[in-house]
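Read through the structure below, which is laid out as structure tokens, and then see the notes.
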Amino acid sequence: MATNILSIGQSALAAAQVGLSTTGHNIANAATPGFSRQVVVQGAAQPQSYGFGFMGQGTEVSTIKRVYSEFLGSQVRTAQTTQSGLDSYYAQIKQIDNMLADPASGLSPALQTFFSGIQELSSNPSSIPARQAALSSAESLASRFQSMAGRLDEMAQGVNSQITASVDVINSYAQQIAQLNDAIGRAQGATGQPANDLLDQRDQLVLDLNKEIKATVVKQGDGDYNVFIGNGQPLVVGVTASRLTTMASPTDPEKIRVAYQTTGGSVMVGESSLGGGKLGGVLEFRSRTLEPAQADLDNLAIGLATTFNAQHRLGQDLNGTPGGDFFVVPSAQAGASGFAVAITDPKLIAAAAPIRTAITTGNTGSATISAGAIDAGYLAAPLGAPLTLTYSAGTNELSGFPATEAVTVTSGGIATVFAAGTPVTYTAGASVSFGGISFTLSGTPGDGDSFAVGPNTGGVGDNRNALLLGALQTANTMNGGSSTYQGAYSQIVSQIGNKTRELEVTGSAAGKLLSEATLTLQNESGVNLDEEATNLLRYQQAYQAAGKVMQIASEMFDVLLSLGR
Amino acid sequence: MRISTQTLFETGAARIGELQSGLVKTQQQIGTGRRILTPADDPVAAARALEVTQSQSLNIQYGVNRQHAKSSLGAVEGTLSSVTALLQDVKTSVIAAGNGSFSDTERGFLATELRGRFEQLLGLANSRDAMGNYLFSGFQTATPAFAETVPGVVQYQGDQGQRLVQADATRQMAVSNPGQAVFQGGGVDVFETLNDLITLLNTPGTAGLAAGLATANSDTDLALDNVLTVRASVGSRLQELDALDNAGEDRNLQYSQILSELQDLDYAKALTQLSQQQLILEAAQQSFVKTSGLSLFNFI
């Protein structure tokens with residue numbers, strides 16, 4: 001019997017030791033990421049049957065298990081991948097937001113200074129300093145466009161390196177998970193007991209993987225984790241890990257895409273199937289924010305250059321030659337980074353209009369002619385010499401129009417076309433146009449009165465085209481004629497601002513969700529040091545009590561031995 | 001409910017982090033005086049502020065344009081007031097020349113004096129502005145407006161172009177007057193009138209003198225009327241510019257107010273918020289230190 005008591009005491013001692021070690025292990029790993037607290041599962045040993053009944057044989061430790069909930073674990077993973085995705089999207093878009101943040105450094109001030117320069121020029125059309133100032137403000141607008149495009153390009157480069165870094169990390173995690181699958185399989189196969197710390201490590205790796213990309217786990221019967229990313233692409237199957245790689249996009253070599261490495265080469269993965277995590281976040285940032293912002297800025301640059309040039313070409317420079325291109329219209333490929341000023345000589349700014357009109361001295365009637373304007377049609381056949389339009393009272397007709405041009409007379413919104421070479425009926429207040437030239441005649445002309453329409457030779461003080469160029473600032477030329485240059489830029493700012501704000505809100509909600517899920521899992525699995533202190537005391541006392549049992553058994557044995565003396 | 005020790009530290013640190021970033025944001029707002037630090041803080045107001053800034057900058061530019069217009073019109077007005085005085089002198093001379101006691105020689109003196117006036121008038125008609133541009137030659141500001149091609153015969157070399165200035169969003173104002181309309185308009189060529197008068201006074205004898213002087217007198221009156229009409233129009237434009245200036249200043253104030261409402265910080269509110277955030281942060285820090293210091297191990 002005493003032997004029995006001794007072995008019972010010994011089993012209690014051993015169990016208490018296991019308890020103390022486990023408690024110590026828990027305390028040691030209280031701050032280890034992904035560690036689940038472990039508990040000793042203890043049971044009474046198989047009792048021995050005696051005639052009087054079953055007598056207990058002490059205790060035995062059946063297993064040490066980790067306290068972990070697969071369900072809570074998967075909730076944390078889902079929350080983590082959402083949060084990491086939004087977080088990395090936010091970190092990226094915040095850069096654009098910050099770039100646009102300072103009202104003094106965005107495109108607006110440069111745009112406003114540029115048009116102020118044009119207005120100054122219209123006030124002093126023949127002044128070289130005013131022209132030089134307009135040119136300089138155009139240069140600074142160009143450099144602002146280029147530097148903003150440059151910053152966005154840098155961000156695109158940053159996205160590329162983030163993708164490469166993420167892919168490396170994902171490959172490394174996949175490899176480690178596959179190795180752990182192997183290690184866990186072997187450890188558990190040999191003992192039939194759970195390999196707690198390895199399991200924790202693997203769960204933590206899957207969680208870390210979810211920080212990079214959304215990964216779902218399908219647990220196999222043998223305990224292996226099969227990991228799938230995106231829309232079910234296998235990343236880890238049993239002990240084998242697939243490899244992701246990066247490759248240049250076939251449509252844009254500047255753009256890095258994610259691909260699967262197969263034995264036959266690399267297969268590109270659709271970006272929509274790579275959601276969640278840092279990788280998903282930067283990919284979404286690139287496709288939903290960066291590329292549209294770049295396209296918008298490019299469109300603004302191209303639109304501004306095109307519309308400004310179109311008006312500039314309708315003018316006449318200080319040398320009396322027709323205006324050329326003011327800006328270099330960037331190619332669709334170069335976009336805003338190709339926006340530049342085409343002219344360097346301030347005299348080449350076309351502030352004047354190429355035609356002017358006059359009433360002939362000595363006219364007897366009261367008729368007047370407006371200053372006149374031209375459209376692009378004029379550029380094909382500019383006037384070489386002044387035309388004289390003469391009025392004949394008998395027929396109420398004007399003659400002297402170019403023999404090859406049809407004349408359109410518009411009065412009260414009704415246009416009448418007179419065939420080339422035929423006399424034109426005079427209508428007071430009507431707009432007369434031919435060959436891209438248009439002007440208004442009003443009043444009553446006397447018989448034989450004439451009007452001159454001719455090239456604006458020597459018209460260095462003319463600012464009509466500069467006024468029209470200045471008016472482009474407030475004209476709705478962008479987005480299909482619905483907004484001004486400034487308006488188009490404001491739209492970019494507001495889109496970025498709105499998206500950043502949205503991400504701030506959803507990101508913080510996802511953060512809350514993650515911390516709640518983590519909290520719930522931690523409340524279940526995490527180490528509480530007070531609890532461990534209690535366990536420490538409990539197992540210490542159990543150990544002492546077990547020792548006492550063994551001491552008593554020993555004393556009982558001594559009693560037996562002393563009987564013979 | 002069981003709580004893991006790690007949670008205790010993590011939530012404490014996270015909460016303190018949140019409070020700190022809130023505090024820093026308020027501090028930044030106070031430091032810059034701006035409510036909107038980045039467009040994300042208020043995307044709608046940020047975009048609107050850009051539009052209003054453009055309107056304000058345009059409004060300021062119109063003010064600058066009006067200054068240019070004023071100086072151009074001022075130069076025109078200055079010249080025309082000299083022209084007015086000159087024409088009044090000519091009228092005096094015409095009346096003096098009608099003095100029956102004057103001899104041919106004395107009329108010759110008057111003619112010589114009037115020739116001086118003629119040249120003075122030609123000089124005025126070819127006035128330049130501060131930038132060296134001819135005031136009265138239309139668009140061809142680098143070309144003198146008038147040239148005496150044959151002695152006593154003056155021809156207009158400019159054109160009928162009028163330079164306009166964007167004086168306000170919807171107002172383009174003429175700031176130049178073609179010289180032809182000023183000096184050779186109103187049915188009379190002032191140079192021709194003067195030259196005819198000089199020829200008349202240089203002609204010996206008094207035959208046709210009275211009739212010639214009468215014509216000269218009435219023609220000078222016509223020319224004077226014409227110049228005064230132009231001056232009146234210049235004066236009314238200068239007045240309009242002043243009115244536009246006042247309106248522009250009002251608008252500038254309004255834009256500043258809108259911008260301030262859109263992006264400026266309410267300091268009273270921000271400072272209250274700052275001290276509130278400070279208080280909460282201090283409380284969170286103190287309570288964190290106290291709760292994290294509680295451990296059963298302290299008693300073992």
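Labels for the structure tokens follow display order: chains A, B, ..., residues from 1 in each chain, ligands from 1.
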
At a cut-off of 6 Å, using only C-alpha atoms, what residues contact Thr388 of chain A? Leave out same-chain residues fewer than 2 positions from it and give the result as a CSV table (one decimal) with all heavy atoms, in the first residue's frame.
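Listing of part-v5.csv after writing:
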```
chain,number,residue,atom,x,y,z
A,400,GLY,N,-17.5,94.0,-103.2
A,400,GLY,CA,-16.1,94.0,-102.9
A,400,GLY,C,-15.6,92.9,-102.1
A,400,GLY,O,-14.4,92.8,-101.7
A,451,PHE,N,-16.1,100.5,-96.5
A,451,PHE,CA,-15.5,100.0,-95.2
A,451,PHE,C,-14.3,99.2,-95.6
A,451,PHE,O,-14.3,98.5,-96.7
A,451,PHE,CB,-16.5,99.1,-94.5
A,451,PHE,CG,-17.8,99.7,-94.3
A,451,PHE,CD1,-18.9,99.5,-95.2
A,451,PHE,CD2,-18.1,100.5,-93.2
A,451,PHE,CE1,-20.1,100.1,-95.0
A,451,PHE,CE2,-19.3,101.1,-93.0
A,451,PHE,CZ,-20.3,100.9,-93.9
A,452,ALA,N,-13.3,99.3,-94.8
A,452,ALA,CA,-12.0,98.5,-95.1
A,452,ALA,C,-11.9,97.4,-94.2
A,452,ALA,O,-12.1,97.5,-93.0
A,452,ALA,CB,-10.8,99.4,-95.1
```

Rows by chain and residue number, chain A within 8 Å of chain B, shortest pair, only C-alpha atoms, as a tab-separated table:
```
residue	atom	partner	partner_atom	distance
A:Ala30	CA	B:Gln6	CA	6.9
A:Ala31	CA	B:Gln6	CA	6.3
A:Asp97	CA	B:Thr38	CA	6.2
A:Asn98	CA	B:Thr38	CA	6.0
A:Leu100	CA	B:Pro39	CA	7.0
A:Ala101	CA	B:Thr38	CA	4.2
A:Asp102	CA	B:Thr38	CA	7.2
A:Pro103	CA	B:Leu50	CA	7.7
A:Ser108	CA	B:Leu50	CA	6.9
A:Gln112	CA	B:Gln54	CA	6.4
A:Ser116	CA	B:Gln61	CA	6.2
A:Gln119	CA	B:Asn65	CA	7.3
A:Glu120	CA	B:Asn65	CA	7.0
A:Ser122	CA	B:Val165	CA	7.0
A:Ser123	CA	B:Val165	CA	6.1
A:Ser126	CA	B:Thr141	CA	7.9
A:Ser127	CA	B:Met131	CA	7.1
A:Arg356	CA	B:Gly161	CA	7.0
A:Thr357	CA	B:Gln160	CA	7.1
A:Ala358	CA	B:Gln160	CA	5.7
A:Ile359	CA	B:Gln160	CA	7.9
A:Ala371	CA	B:Gly161	CA	6.9
A:Thr457	CA	B:Gln140	CA	7.7
A:Gly458	CA	B:Gln140	CA	5.1
A:Gly459	CA	B:Gln140	CA	4.3
A:Val460	CA	B:Gln140	CA	5.5
A:Gly461	CA	B:Phe139	CA	4.5
A:Asp462	CA	B:Phe139	CA	4.7
A:Asn463	CA	B:Arg163	CA	6.4
A:Arg464	CA	B:Leu164	CA	7.4
A:Leu467	CA	B:Gln166	CA	7.2
A:Gln486	CA	B:Glu51	CA	6.9
A:Gly487	CA	B:Glu51	CA	6.9
A:Ser490	CA	B:Ala47	CA	5.0
A:Gln491	CA	B:Ala47	CA	6.9
A:Val493	CA	B:Ala47	CA	6.2
A:Ser494	CA	B:Pro43	CA	5.0
A:Gln495	CA	B:Pro43	CA	7.6
A:Ile496	CA	B:Ala40	CA	7.3
A:Gly497	CA	B:Ala40	CA	3.9
A:Asn498	CA	B:Pro43	CA	5.4
A:Lys499	CA	B:Ala40	CA	7.6
A:Thr500	CA	B:Ala40	CA	5.4
A:Arg501	CA	B:Ala40	CA	4.8
A:Leu519	CA	B:Thr7	CA	6.5
A:Gln522	CA	B:Ser4	CA	5.9
A:Asn523	CA	B:Ile3	CA	4.8
A:Glu524	CA	B:Arg2	CA	7.4
A:Ser525	CA	B:Ser4	CA	7.7
A:Gly526	CA	B:Ser4	CA	4.7
A:Val527	CA	B:Ser4	CA	5.0
A:Asn528	CA	B:Ser4	CA	4.4
A:Leu529	CA	B:Thr5	CA	6.1
A:Asp530	CA	B:Leu296	CA	5.3
A:Ala533	CA	B:Phe297	CA	6.3
A:Thr534	CA	B:Leu296	CA	8.0
```

Practice item. Run DSSP on the backbone and grab whatever in segment 373-539 of chain A lands in strand (DSSP E or B); send it over as a VMD selection string. Key: chain A and resid 373 to 374 387 to 392 397 to 399 407 to 411 414 to 418 424 to 425 430 to 434 437 to 442 450 to 455 478 483

Exercise for review: Can you pull out every residue within 9 Å of segment 153-155 of chain B, counting only C-alpha atoms, but drop anything in the same chain fewer than 3 positions away, and send it as a list of chain:residue names?
Suggested key: B:Leu122, B:Ala145, B:Phe146, B:Ala147, B:Glu148, B:Thr149, B:Val150, B:Phe191, B:Glu192, B:Asn195

Kindly save the residues from that selection, with all heavy atoms included, as an mmCIF file, in the first residue's frame.
```cif
data_model
loop_
_atom_site.group_PDB
_atom_site.id
_atom_site.type_symbol
_atom_site.label_atom_id
_atom_site.label_comp_id
_atom_site.auth_asym_id
_atom_site.auth_seq_id
_atom_site.Cartn_x
_atom_site.Cartn_y
_atom_site.Cartn_z
ATOM 1 N N LEU B 122 0.531 119.147 -83.458
ATOM 2 C CA LEU B 122 1.018 117.909 -84.067
ATOM 3 C C LEU B 122 1.775 117.084 -83.020
ATOM 4 O O LEU B 122 1.630 115.859 -82.940
ATOM 5 C CB LEU B 122 1.924 118.245 -85.258
ATOM 6 C CG LEU B 122 2.419 117.051 -86.080
ATOM 7 C CD1 LEU B 122 1.240 116.270 -86.656
ATOM 8 C CD2 LEU B 122 3.339 117.517 -87.208
ATOM 9 N N ALA B 145 1.177 108.836 -84.908
ATOM 10 C CA ALA B 145 -0.201 108.877 -85.383
ATOM 11 C C ALA B 145 -0.348 109.760 -86.619
ATOM 12 O O ALA B 145 -1.095 109.439 -87.538
ATOM 13 C CB ALA B 145 -1.117 109.358 -84.265
ATOM 14 N N PHE B 146 0.359 110.894 -86.615
ATOM 15 C CA PHE B 146 0.185 111.852 -87.711
ATOM 16 C C PHE B 146 1.545 112.223 -88.265
ATOM 17 O O PHE B 146 2.535 112.272 -87.547
ATOM 18 C CB PHE B 146 -0.514 113.122 -87.203
ATOM 19 C CG PHE B 146 -1.941 112.862 -86.764
ATOM 20 C CD1 PHE B 146 -2.230 112.585 -85.436
ATOM 21 C CD2 PHE B 146 -2.977 112.902 -87.684
ATOM 22 C CE1 PHE B 146 -3.540 112.349 -85.032
ATOM 23 C CE2 PHE B 146 -4.287 112.661 -87.285
ATOM 24 C CZ PHE B 146 -4.567 112.392 -85.962
ATOM 25 N N ALA B 147 1.562 112.502 -89.555
ATOM 26 C CA ALA B 147 2.804 112.971 -90.170
ATOM 27 C C ALA B 147 2.468 114.096 -91.129
ATOM 28 O O ALA B 147 1.449 114.057 -91.819
ATOM 29 C CB ALA B 147 3.498 111.834 -90.901
ATOM 30 N N GLU B 148 3.341 115.105 -91.124
ATOM 31 C CA GLU B 148 3.140 116.235 -92.026
ATOM 32 C C GLU B 148 3.816 115.857 -93.331
ATOM 33 O O GLU B 148 5.018 116.050 -93.504
ATOM 34 C CB GLU B 148 3.758 117.502 -91.413
ATOM 35 C CG GLU B 148 3.298 118.773 -92.087
ATOM 36 C CD GLU B 148 3.819 120.009 -91.363
ATOM 37 O OE1 GLU B 148 4.561 119.856 -90.369
ATOM 38 O OE2 GLU B 148 3.485 121.121 -91.790
ATOM 39 N N THR B 149 3.055 115.281 -94.241
ATOM 40 C CA THR B 149 3.653 114.744 -95.462
ATOM 41 C C THR B 149 4.102 115.858 -96.392
ATOM 42 O O THR B 149 5.162 115.795 -96.998
ATOM 43 C CB THR B 149 2.660 113.836 -96.185
ATOM 44 O OG1 THR B 149 1.394 114.482 -96.196
ATOM 45 C CG2 THR B 149 2.524 112.499 -95.487
ATOM 46 N N VAL B 150 3.258 116.876 -96.525
ATOM 47 C CA VAL B 150 3.569 118.075 -97.307
ATOM 48 C C VAL B 150 3.428 119.201 -96.299
ATOM 49 O O VAL B 150 2.584 119.083 -95.415
ATOM 50 C CB VAL B 150 2.530 118.241 -98.453
ATOM 51 C CG1 VAL B 150 2.826 119.480 -99.289
ATOM 52 C CG2 VAL B 150 2.461 116.976 -99.293
ATOM 53 N N PHE B 191 -6.095 120.167 -88.188
ATOM 54 C CA PHE B 191 -4.840 120.613 -88.817
ATOM 55 C C PHE B 191 -5.125 121.458 -90.050
ATOM 56 O O PHE B 191 -4.502 122.493 -90.284
ATOM 57 C CB PHE B 191 -3.982 119.405 -89.209
ATOM 58 C CG PHE B 191 -3.524 118.596 -88.025
ATOM 59 C CD1 PHE B 191 -4.068 117.352 -87.755
ATOM 60 C CD2 PHE B 191 -2.551 119.097 -87.158
ATOM 61 C CE1 PHE B 191 -3.653 116.614 -86.667
ATOM 62 C CE2 PHE B 191 -2.127 118.362 -86.064
ATOM 63 C CZ PHE B 191 -2.678 117.119 -85.812
ATOM 64 N N GLU B 192 -6.126 120.980 -90.801
ATOM 65 C CA GLU B 192 -6.489 121.712 -92.016
ATOM 66 C C GLU B 192 -7.007 123.101 -91.637
ATOM 67 O O GLU B 192 -6.645 124.103 -92.257
ATOM 68 C CB GLU B 192 -7.564 120.904 -92.750
ATOM 69 C CG GLU B 192 -7.671 121.214 -94.229
ATOM 70 C CD GLU B 192 -8.799 120.413 -94.885
ATOM 71 O OE1 GLU B 192 -8.864 119.178 -94.616
ATOM 72 O OE2 GLU B 192 -9.610 121.004 -95.604
ATOM 73 N N ASN B 195 -4.124 125.225 -90.692
ATOM 74 C CA ASN B 195 -3.286 125.554 -91.847
ATOM 75 C C ASN B 195 -3.979 126.575 -92.741
ATOM 76 O O ASN B 195 -3.351 127.525 -93.216
ATOM 77 C CB ASN B 195 -2.980 124.271 -92.620
ATOM 78 C CG ASN B 195 -1.856 124.501 -93.618
ATOM 79 O OD1 ASN B 195 -0.831 125.075 -93.249
ATOM 80 N ND2 ASN B 195 -2.071 124.110 -94.855
#
```

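Shortest atom-to-atom contact with Asp129 of chain B among A:Asn124, A:Gln92, A:Ser161, A:Ser442: A:Asn124, counting only C-alpha atoms.
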
**Study point:** atom CA of Thr23 of chain A to atom CA of Glu532 of chain A, distance in Å rounded to a single decimal
**Key:** 5.9 Å

Practice item. Do a neighbour search on Val217 of chain A at 12 Å with only C-alpha atoms, toss out local chain neighbours closer than 2 positions, and write the hits as a ChimeraX atom specification. Key: /A:70-71,73-75,77-78,177,202-203,205-207,209-210,214-215,219-220,223-230,232-238

Practice item. Please provide as a PyMOL selection string all residues within 12 Å of Leu271 of chain B, with the sequence filter that same-chain residues fewer than 2 positions apart are discarded (counting only C-alpha atoms). Key: chain B and resi 23+25-31+33+265-269+273-278

Can I get the selected residues back with all heavy atoms, as a compact mmCIF listing (two decimals), in the first residue's frame?
```
# COMPACT_ATOMS: atom_id res chain seq x y z
N LEU B 23 -4.32 65.27 -30.70
CA LEU B 23 -3.73 66.47 -30.10
C LEU B 23 -2.80 67.16 -31.10
O LEU B 23 -2.83 68.39 -31.26
CB LEU B 23 -2.95 66.05 -28.85
CG LEU B 23 -2.56 67.14 -27.87
CD1 LEU B 23 -3.79 67.73 -27.21
CD2 LEU B 23 -1.62 66.59 -26.81
N LYS B 25 -2.91 66.99 -34.31
CA LYS B 25 -3.70 67.60 -35.39
C LYS B 25 -4.24 68.96 -34.95
O LYS B 25 -4.13 69.94 -35.69
CB LYS B 25 -4.83 66.68 -35.78
CG LYS B 25 -5.65 67.27 -36.89
CD LYS B 25 -6.39 66.23 -37.66
CE LYS B 25 -7.05 66.92 -38.83
NZ LYS B 25 -7.87 66.06 -39.62
N THR B 26 -4.81 69.00 -33.76
CA THR B 26 -5.31 70.29 -33.26
C THR B 26 -4.18 71.30 -33.17
O THR B 26 -4.33 72.46 -33.54
CB THR B 26 -5.96 70.10 -31.88
OG1 THR B 26 -6.86 69.00 -31.95
CG2 THR B 26 -6.71 71.34 -31.45
N GLN B 27 -3.04 70.82 -32.70
CA GLN B 27 -1.88 71.71 -32.56
C GLN B 27 -1.47 72.25 -33.94
O GLN B 27 -1.20 73.44 -34.09
CB GLN B 27 -0.74 70.94 -31.90
CG GLN B 27 0.31 71.82 -31.24
CD GLN B 27 1.29 72.35 -32.24
OE1 GLN B 27 1.63 71.67 -33.20
NE2 GLN B 27 1.73 73.59 -32.04
N GLN B 28 -1.47 71.36 -34.95
CA GLN B 28 -1.11 71.79 -36.31
C GLN B 28 -2.09 72.83 -36.82
O GLN B 28 -1.72 73.81 -37.46
CB GLN B 28 -1.12 70.60 -37.26
CG GLN B 28 0.18 69.83 -37.28
CD GLN B 28 0.12 68.71 -38.29
OE1 GLN B 28 -0.95 68.13 -38.52
NE2 GLN B 28 1.24 68.38 -38.89
N GLN B 29 -3.38 72.56 -36.55
CA GLN B 29 -4.40 73.51 -37.00
C GLN B 29 -4.16 74.88 -36.36
O GLN B 29 -4.24 75.90 -37.03
CB GLN B 29 -5.80 73.00 -36.61
CG GLN B 29 -6.27 71.85 -37.49
CD GLN B 29 -7.64 71.35 -37.09
OE1 GLN B 29 -7.95 71.32 -35.90
NE2 GLN B 29 -8.43 70.95 -38.05
N ILE B 30 -3.84 74.86 -35.08
CA ILE B 30 -3.60 76.13 -34.39
C ILE B 30 -2.34 76.79 -34.96
O ILE B 30 -2.30 78.00 -35.19
CB ILE B 30 -3.49 75.90 -32.87
CG1 ILE B 30 -4.85 75.49 -32.32
CG2 ILE B 30 -2.99 77.16 -32.17
CD1 ILE B 30 -4.84 75.02 -30.90
N GLY B 31 -1.31 75.96 -35.20
CA GLY B 31 -0.05 76.49 -35.72
C GLY B 31 -0.21 77.14 -37.07
O GLY B 31 0.42 78.17 -37.35
N GLY B 33 -3.28 77.98 -38.44
CA GLY B 33 -4.49 78.80 -38.53
C GLY B 33 -5.47 78.25 -39.54
O GLY B 33 -6.43 78.91 -39.91
N LEU B 265 -9.50 78.55 -39.18
CA LEU B 265 -9.77 77.85 -37.93
C LEU B 265 -10.53 78.76 -36.98
O LEU B 265 -10.27 79.96 -36.91
CB LEU B 265 -8.43 77.46 -37.31
CG LEU B 265 -8.46 76.60 -36.08
CD1 LEU B 265 -8.98 75.23 -36.42
CD2 LEU B 265 -7.07 76.50 -35.49
N ASP B 266 -11.48 78.16 -36.26
CA ASP B 266 -12.13 78.88 -35.17
C ASP B 266 -11.23 78.69 -33.94
O ASP B 266 -11.23 77.64 -33.31
CB ASP B 266 -13.53 78.27 -34.93
CG ASP B 266 -14.26 78.98 -33.81
OD1 ASP B 266 -13.60 79.66 -33.00
OD2 ASP B 266 -15.50 78.84 -33.74
N TYR B 267 -10.44 79.72 -33.65
CA TYR B 267 -9.41 79.57 -32.61
C TYR B 267 -9.99 79.25 -31.25
O TYR B 267 -9.46 78.39 -30.53
CB TYR B 267 -8.55 80.83 -32.52
CG TYR B 267 -7.35 80.78 -33.42
CD1 TYR B 267 -7.33 81.44 -34.63
CD2 TYR B 267 -6.24 80.03 -33.06
CE1 TYR B 267 -6.24 81.36 -35.47
CE2 TYR B 267 -5.13 79.95 -33.89
CZ TYR B 267 -5.14 80.62 -35.09
OH TYR B 267 -4.07 80.53 -35.92
N ALA B 268 -11.10 79.93 -30.91
CA ALA B 268 -11.69 79.69 -29.59
C ALA B 268 -12.03 78.21 -29.44
O ALA B 268 -11.69 77.56 -28.45
CB ALA B 268 -12.92 80.56 -29.42
N LYS B 269 -12.67 77.69 -30.50
CA LYS B 269 -13.08 76.29 -30.46
C LYS B 269 -11.86 75.37 -30.41
O LYS B 269 -11.81 74.41 -29.63
CB LYS B 269 -13.89 75.98 -31.73
CG LYS B 269 -15.20 75.29 -31.47
CD LYS B 269 -16.09 75.44 -32.69
CE LYS B 269 -16.32 74.13 -33.39
NZ LYS B 269 -17.14 74.32 -34.60
N GLN B 273 -10.70 72.80 -27.56
CA GLN B 273 -10.53 71.39 -27.90
C GLN B 273 -9.15 70.91 -27.46
O GLN B 273 -9.00 69.82 -26.93
CB GLN B 273 -10.68 71.23 -29.41
CG GLN B 273 -10.95 69.80 -29.83
CD GLN B 273 -10.98 69.67 -31.34
OE1 GLN B 273 -10.84 70.63 -32.07
NE2 GLN B 273 -11.18 68.47 -31.80
N LEU B 274 -8.15 71.79 -27.67
CA LEU B 274 -6.78 71.42 -27.31
C LEU B 274 -6.68 71.12 -25.82
O LEU B 274 -6.12 70.09 -25.43
CB LEU B 274 -5.81 72.55 -27.68
CG LEU B 274 -4.34 72.22 -27.50
CD1 LEU B 274 -3.86 71.30 -28.61
CD2 LEU B 274 -3.48 73.47 -27.48
N SER B 275 -7.25 72.01 -24.98
CA SER B 275 -7.10 71.75 -23.55
C SER B 275 -7.90 70.53 -23.13
O SER B 275 -7.48 69.77 -22.25
CB SER B 275 -7.45 72.98 -22.71
OG SER B 275 -8.58 73.60 -23.22
N GLN B 276 -9.03 70.31 -23.81
CA GLN B 276 -9.83 69.11 -23.51
C GLN B 276 -9.04 67.85 -23.86
O GLN B 276 -8.95 66.91 -23.08
CB GLN B 276 -11.12 69.17 -24.32
CG GLN B 276 -12.13 68.13 -23.92
CD GLN B 276 -13.31 68.12 -24.89
OE1 GLN B 276 -13.35 68.89 -25.83
NE2 GLN B 276 -14.25 67.24 -24.65
N GLN B 277 -8.41 67.89 -25.05
CA GLN B 277 -7.63 66.72 -25.49
C GLN B 277 -6.45 66.48 -24.56
O GLN B 277 -6.12 65.34 -24.24
CB GLN B 277 -7.14 66.93 -26.92
CG GLN B 277 -8.23 66.70 -27.95
CD GLN B 277 -7.79 67.12 -29.34
OE1 GLN B 277 -7.07 68.10 -29.50
NE2 GLN B 277 -8.24 66.41 -30.35
N GLN B 278 -5.82 67.57 -24.12
CA GLN B 278 -4.71 67.46 -23.19
C GLN B 278 -5.13 66.76 -21.91
O GLN B 278 -4.47 65.85 -21.42
CB GLN B 278 -4.24 68.87 -22.83
CG GLN B 278 -2.86 69.18 -23.30
CD GLN B 278 -2.55 70.63 -23.06
OE1 GLN B 278 -3.44 71.49 -23.02
NE2 GLN B 278 -1.28 70.92 -22.88
```

Residue contacts of Ala187 of chain A (12 Å, only C-alpha atoms) excluding same-chain residues fewer than 6 positions away, as an mmCIF file with N, CA and C atoms, in the first residue's frame:
```cif
data_model
loop_
_atom_site.group_PDB
_atom_site.id
_atom_site.type_symbol
_atom_site.label_atom_id
_atom_site.label_comp_id
_atom_site.auth_asym_id
_atom_site.auth_seq_id
_atom_site.Cartn_x
_atom_site.Cartn_y
_atom_site.Cartn_z
ATOM 1 N N LEU A 180 6.239 24.402 -42.113
ATOM 2 C CA LEU A 180 5.571 24.126 -40.836
ATOM 3 C C LEU A 180 4.532 23.021 -40.995
ATOM 4 N N ASN A 181 3.833 23.000 -42.127
ATOM 5 C CA ASN A 181 2.893 21.913 -42.398
ATOM 6 C C ASN A 181 3.608 20.574 -42.245
ATOM 7 N N GLN A 193 0.100 13.931 -30.135
ATOM 8 C CA GLN A 193 -0.210 15.092 -29.302
ATOM 9 C C GLN A 193 -0.084 16.367 -30.136
ATOM 10 N N PRO A 194 -0.873 17.412 -29.779
ATOM 11 C CA PRO A 194 -0.775 18.648 -30.572
ATOM 12 C C PRO A 194 0.568 19.345 -30.368
ATOM 13 N N ALA A 195 1.167 19.783 -31.492
ATOM 14 C CA ALA A 195 2.433 20.522 -31.418
ATOM 15 C C ALA A 195 2.086 21.997 -31.236
ATOM 16 N N ASN A 196 1.726 22.373 -30.001
ATOM 17 C CA ASN A 196 1.135 23.690 -29.737
ATOM 18 C C ASN A 196 1.918 24.868 -30.293
ATOM 19 N N ASP A 197 3.206 24.918 -29.981
ATOM 20 C CA ASP A 197 3.972 26.102 -30.356
ATOM 21 C C ASP A 197 4.157 26.200 -31.867
ATOM 22 N N LEU A 198 4.288 25.023 -32.508
ATOM 23 C CA LEU A 198 4.384 25.034 -33.978
ATOM 24 C C LEU A 198 3.068 25.504 -34.587
ATOM 25 N N LEU A 199 1.957 25.039 -33.975
ATOM 26 C CA LEU A 199 0.637 25.459 -34.472
ATOM 27 C C LEU A 199 0.482 26.969 -34.357
ATOM 28 N N ASP A 222 -5.457 15.850 -42.110
ATOM 29 C CA ASP A 222 -4.207 15.516 -41.424
ATOM 30 C C ASP A 222 -3.603 16.718 -40.707
ATOM 31 N N GLY A 223 -4.358 17.820 -40.645
ATOM 32 C CA GLY A 223 -3.871 18.992 -39.916
ATOM 33 C C GLY A 223 -3.122 19.983 -40.788
#
```

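Distances from B:Ala85, B:Val188, B:Leu201, B:Leu281 to Glu113 of chain B were compared using only C-alpha atoms, and the smallest one belongs to B:Leu201.
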